[in-house]
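**Student:** Handing you this structure, nothing more for now.
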Protein chains: 2
Amino acid sequence: MTVDVKKAAKLLKENDNIIILSHQNPDGDTLGSGFALFYALKKMGKKVRHECENEVPKKFLFLSDGIKNDSFSDGFTVTVDVADIKLLGDGLKEKYEGKIDLAIDHHISHREFSPLLLLEDRAAACEIVFSVIKELGVPIDKRIADCLYVGIATDTGCFRYTNTTAHTHLCASELIELGADNGEINRLMFETKTRTYAKLEKLALSSLEMYFDDKCALMCVTAEMFRLSGSDETECDGISALPRQIEGVLVGVTVREKAENEYKISVRTNEPIDACEICAKLGGGGHARASGCTVNGTLDEVKRIILKTVKESL
Amino acid sequence: MTVDVKKAAKLLKENDNIIILSHQNPDGDTLGSGFALFYALKKMGKKVRHECENEVPKKFLFLSDGIKNDSFSDGFTVTVDVADIKLLGDGLKEKYEGKIDLAIDHHISHREFSPLLLLEDRAAACEIVFSVIKELGVPIDKRIADCLYVGIATDTGCFRYTNTTAHTHLCASELIELGADNGEINRLMFETKTRTYAKLEKLALSSLEMYFDDKCALMCVTAEMFRLSGSDETECDGISALPRQIEGVLVGVTVREKAENEYKISVRTNEPIDACEICAKLGGGGHARASGCTVNGTLDEVKRIILKTVKESL
């Protein structure tokens, strides 16, 4: 059953023990919305726990310094920014499958896994959680504003992507008024590359290949590149944006080695190509301009499969 | 005399022939605010002329396709985003010095050159011109909204820089509601690298070296790299930003071959290192965070000279 912001807030108000779940390989939006909700509910005197399959990446640690999980067994369980129960990760999925009460999400490709769903087509889950927190009536302090701003800024490439709407900017405006440190956050999120990431980017760029009259750019990130650079998956968010940045490219593909013969594929497109359609054919999904899927095989096989699928869309 | 938005709009309403001046080497803000004002005043049935010392750069041409200057001799003359009369360029300065009625500007460093000044401390002149156009009562169409959005987005590095305020986002929100094509504009302004630039960047990154406990990153752009990539100096603006982006780097140096045994050096720093101080020692100058100088010698000699100078500052 779908619920609106009012109903979601009412349910949160009615429950005293609340568990918040973020998706695996967490990004700024799932953590920003999860932490913001955590801080807001704590202010209401509730017992709250935030869980995620993976550790908080270093760049988001400044948001989590106030997260101290309460101990309780069962509670009203909410996912934030989780489009599919699989995306919780194996551990959390096993622990919580069938026990999730409410999903708050912004992916129109959301695959229902909870009795209650608050789904809005927004650039970031943080835009929706911002509305929920306002509805809860909690005063929004700088820390909550920072969390929400991080989610919005990271999910929109700092307001650059086409998912950015008038509503997104209105949220940003309000969050800055509420104390969000936008300048410093943007420096940390967008202006700073770790040394390991800078090395990885250099290696990955050297693998760049052009296909289909230069309408498709394909880049690989291999286990060997991770080894040589000292980087890892947590730093890969930005790298997927690179192939599409080249003039004239309609489809930018990044093929990332996850395990032996298992590759995570990120697809970023320009209009009119639908990235979600491409990835759906390979069992994945996401948004119209940015989607992903996982394909098994050798690197050459995987490249052949994704290129064939891209070609059908061009 | 300083005037407010109401007074500036009143003056524009009272005059039938209006001349709008942008600064030389025009950027998105001086053109966006100038063109937006042009279109708004034309809608009011006025005769309008827009002038700039230089041609409109290719990337902004989509904003100027409706600019057809009316012919008249004298008119009420307004500058937009011009902080100093020198910045009009020699030709326009000679033509208009002493004849400018109103300056609309957002630089707090503004040096007065007109009897009337509308000055607000905003991220972009477009934020102020947006208020003026609203005050004129002209319906704001998609074209005007696009112009104003371009100025705001380009002057804030797409809302990344610390000059971005709640007001900036509020303007962006309203402009998107009014039809500004933010996704496409940002793609053109920020997401597109020419193929030649992408190649140059790849080559330059492969030359990256770290010095002084990784506090200094140095990158070279050689004539050979220009030749291999097909790129040239006009595309080098972005490249100088790369070395400083690496985590922990306080001084990012780019050494660019200008002629045989002549190298242009760009220095970008993070606090507390003064880039201007470093470059001044080598006969150059600029700002505290971004400066430049020219050094003669072989590439190895030039690198040795700049590294020695950097070391003194660290």
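How things are named: the first chain in the structure tokens is A, the next is B, and so on; residues count from 1 in each chain; ligands count from 1 in the order shown.
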How large is the C-alpha RMSD when chain B is optimally fitted onto chain A, using all Cα positions paired one-to-one in sequence order?
**Tutor:**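 Chain A versus chain B: RMSD of 4.2 Å.
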**Student:** Please, which residues of range 116-237 of chain B, numbered as in this document, come out strand (DSSP E or B) from DSSP, as a ChimeraX atom specification?
**Tutor:** /B:116-119,193,209-211,216-221
**Student:** Can you pull out every residue within 8 Å of Lys59 in chain A, counting only C-alpha atoms, but drop anything in the same chain fewer than 2 positions away, and send it as a PyMOL selection string?
**Tutor:** chain A and resi 57+61-62+188-189
**Student:** Please identify all polymer residues within 7 Å of range 127-139 of chain A, counting only C-alpha atoms, omitting same-chain residues fewer than 3 positions from it, and present them as a ChimeraX atom specification.
**Tutor:** /A:5-6,9,33,37,40,122,124,148,152,168,171
**Student:** Need the shell around range 213-227 of chain B: protein/DNA/RNA residues with any atom at most 7 Å away, counting only C-alpha atoms. Skip same-chain ones fewer than 2 positions apart. Format as a PyMOL selection string?
**Tutor:** chain B and resi 200+203-205+207-211+229-232+243-244+248-257
**Student:** Write the residues of the preceding selection, restricted to C-alpha atoms, as a CSV table (one decimal), in the first residue's frame.
**Tutor:**
```csv
chain,number,residue,atom,x,y,z
B,200,LEU,CA,44.8,16.0,-23.6
B,203,LEU,CA,48.0,12.5,-21.5
B,204,ALA,CA,48.5,15.3,-19.0
B,205,LEU,CA,47.4,13.1,-16.0
B,207,SER,CA,52.7,13.0,-16.3
B,208,LEU,CA,51.5,13.7,-12.8
B,209,GLU,CA,54.2,13.6,-10.1
B,210,MET,CA,54.0,14.1,-6.4
B,211,TYR,CA,56.6,16.1,-4.3
B,229,SER,CA,45.4,15.2,-28.7
B,230,GLY,CA,44.5,17.8,-31.3
B,231,SER,CA,43.8,20.1,-28.4
B,232,ASP,CA,45.1,23.6,-27.9
B,243,PRO,CA,46.6,18.7,-9.5
B,244,ARG,CA,45.1,20.6,-6.6
B,248,GLY,CA,46.2,16.4,0.9
B,249,VAL,CA,47.7,18.5,-1.9
B,250,LEU,CA,48.4,22.1,-0.9
B,251,VAL,CA,50.0,23.3,-4.1
B,252,GLY,CA,48.9,22.1,-7.5
B,253,VAL,CA,51.3,23.1,-10.4
B,254,THR,CA,50.7,22.8,-14.1
B,255,VAL,CA,53.6,23.5,-16.4
B,256,ARG,CA,52.5,24.2,-20.0
B,257,GLU,CA,54.8,24.5,-22.9
```
**Student:** Give the residues of chain A that lie within 7 Å of chain B; count only C-alpha atoms, and format the answer as a ChimeraX atom specification.
**Tutor:** /A:158-162,165-167,169-170,172-174,176-177,183,186,191-195,198,202,205,245-247
**Student:** Tell me, as a PyMOL selection string, which residues lie within 9 Å of Ala103 in chain A, counting only C-alpha atoms; anything in the same chain fewer than 6 positions away does not count.
**Tutor:** chain A and resi 77-83+112-119
**Student:** Hey, what does DSSP flag as helix (DSSP H, G or I) within range 191-260 of chain B? Can you give it to me as JSON, numbers by chain?
**Tutor:** {"B": [191, 195, 196, 197, 198, 199, 200, 201, 202, 203, 204, 205, 223, 224, 225, 226, 227, 228, 229, 233, 234, 235, 239, 240, 241, 243, 244, 245]}
**Student:** Interatomic distance between CA of Val295 in chain A and CA of Ile278 in chain A?
**Tutor:** 12.5 Å
**Student:** How far is it from CA of Gly285 in chain A to CA of Arg268 in chain A, in Å with one decimal?
**Tutor:** 11.8 Å
**Student:** Calculate how many Å separate CA of His106 in chain A from CA of Ala123 in chain A, rounding to one decimal.
**Tutor:**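 Interatomic distance here is 7.1 Å.
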**Student:** Rank A:Phe60, A:Tyr263, A:Tyr96, A:Phe76 by their smallest atom-to-atom distance to Asp16 in chain A, using only C-alpha atoms, and report the top residue only.
**Tutor:** A:Phe76
**Student:** Tell me, as a PyMOL selection string, which residues lie within 9 Å of Asp121 in chain A, counting only C-alpha atoms; anything in the same chain fewer than 4 positions away does not count.
**Tutor:** chain A and resi 105-108+125
**Student:** Keeping only all heavy atoms, take the residues you just selected and write them out as a PDB file, in the first residue's frame.
**Tutor:**
```
ATOM      1  N   ASP A 105      11.310   5.770  -0.672  1.00  0.00           N
ATOM      2  CA  ASP A 105      12.193   5.659  -1.838  1.00  0.00           C
ATOM      3  C   ASP A 105      11.806   6.659  -2.925  1.00  0.00           C
ATOM      4  O   ASP A 105      10.683   7.146  -2.970  1.00  0.00           O
ATOM      5  CB  ASP A 105      12.144   4.231  -2.394  1.00  0.00           C
ATOM      6  CG  ASP A 105      13.253   3.968  -3.400  1.00  0.00           C
ATOM      7  OD1 ASP A 105      14.286   4.669  -3.360  1.00  0.00           O
ATOM      8  OD2 ASP A 105      13.077   3.065  -4.247  1.00  0.00           O
ATOM      9  N   HIS A 106      12.789   6.932  -3.798  1.00  0.00           N
ATOM     10  CA  HIS A 106      12.564   7.881  -4.900  1.00  0.00           C
ATOM     11  C   HIS A 106      12.815   7.249  -6.270  1.00  0.00           C
ATOM     12  O   HIS A 106      12.824   7.960  -7.267  1.00  0.00           O
ATOM     13  CB  HIS A 106      13.482   9.109  -4.733  1.00  0.00           C
ATOM     14  CG  HIS A 106      14.936   8.819  -4.944  1.00  0.00           C
ATOM     15  ND1 HIS A 106      15.682   9.433  -5.940  1.00  0.00           N
ATOM     16  CD2 HIS A 106      15.778   7.978  -4.311  1.00  0.00           C
ATOM     17  CE1 HIS A 106      16.932   8.976  -5.879  1.00  0.00           C
ATOM     18  NE2 HIS A 106      17.019   8.113  -4.899  1.00  0.00           N
ATOM     19  N   HIS A 107      13.049   5.925  -6.303  1.00  0.00           N
ATOM     20  CA  HIS A 107      13.281   5.257  -7.593  1.00  0.00           C
ATOM     21  C   HIS A 107      11.947   4.820  -8.184  1.00  0.00           C
ATOM     22  O   HIS A 107      11.257   4.001  -7.573  1.00  0.00           O
ATOM     23  CB  HIS A 107      14.152   4.011  -7.404  1.00  0.00           C
ATOM     24  CG  HIS A 107      15.520   4.299  -6.891  1.00  0.00           C
ATOM     25  ND1 HIS A 107      15.806   4.366  -5.545  1.00  0.00           N
ATOM     26  CD2 HIS A 107      16.681   4.563  -7.541  1.00  0.00           C
ATOM     27  CE1 HIS A 107      17.099   4.634  -5.391  1.00  0.00           C
ATOM     28  NE2 HIS A 107      17.650   4.771  -6.579  1.00  0.00           N
ATOM     29  N   ILE A 108      11.632   5.308  -9.380  1.00  0.00           N
ATOM     30  CA  ILE A 108      10.345   4.888  -9.952  1.00  0.00           C
ATOM     31  C   ILE A 108      10.384   3.402 -10.308  1.00  0.00           C
ATOM     32  O   ILE A 108       9.361   2.778 -10.480  1.00  0.00           O
ATOM     33  CB  ILE A 108       9.929   5.739 -11.184  1.00  0.00           C
ATOM     34  CG1 ILE A 108      11.106   5.923 -12.140  1.00  0.00           C
ATOM     35  CG2 ILE A 108       9.383   7.097 -10.747  1.00  0.00           C
ATOM     36  CD1 ILE A 108      10.685   6.435 -13.497  1.00  0.00           C
ATOM     37  N   ALA A 125      16.252  10.680  -2.265  1.00  0.00           N
ATOM     38  CA  ALA A 125      15.400  10.245  -1.159  1.00  0.00           C
ATOM     39  C   ALA A 125      15.379  11.323  -0.073  1.00  0.00           C
ATOM     40  O   ALA A 125      14.389  11.479   0.646  1.00  0.00           O
ATOM     41  CB  ALA A 125      15.915   8.929  -0.582  1.00  0.00           C
TER      42      ALA A 125
END
```
**Student:** Here is a test: counting only C-alpha atoms, which residue of B:Gly66, B:Gly89, B:Gly284, B:Gly98 is nearest to Cys147 in chain B?
**Tutor:** B:Gly66
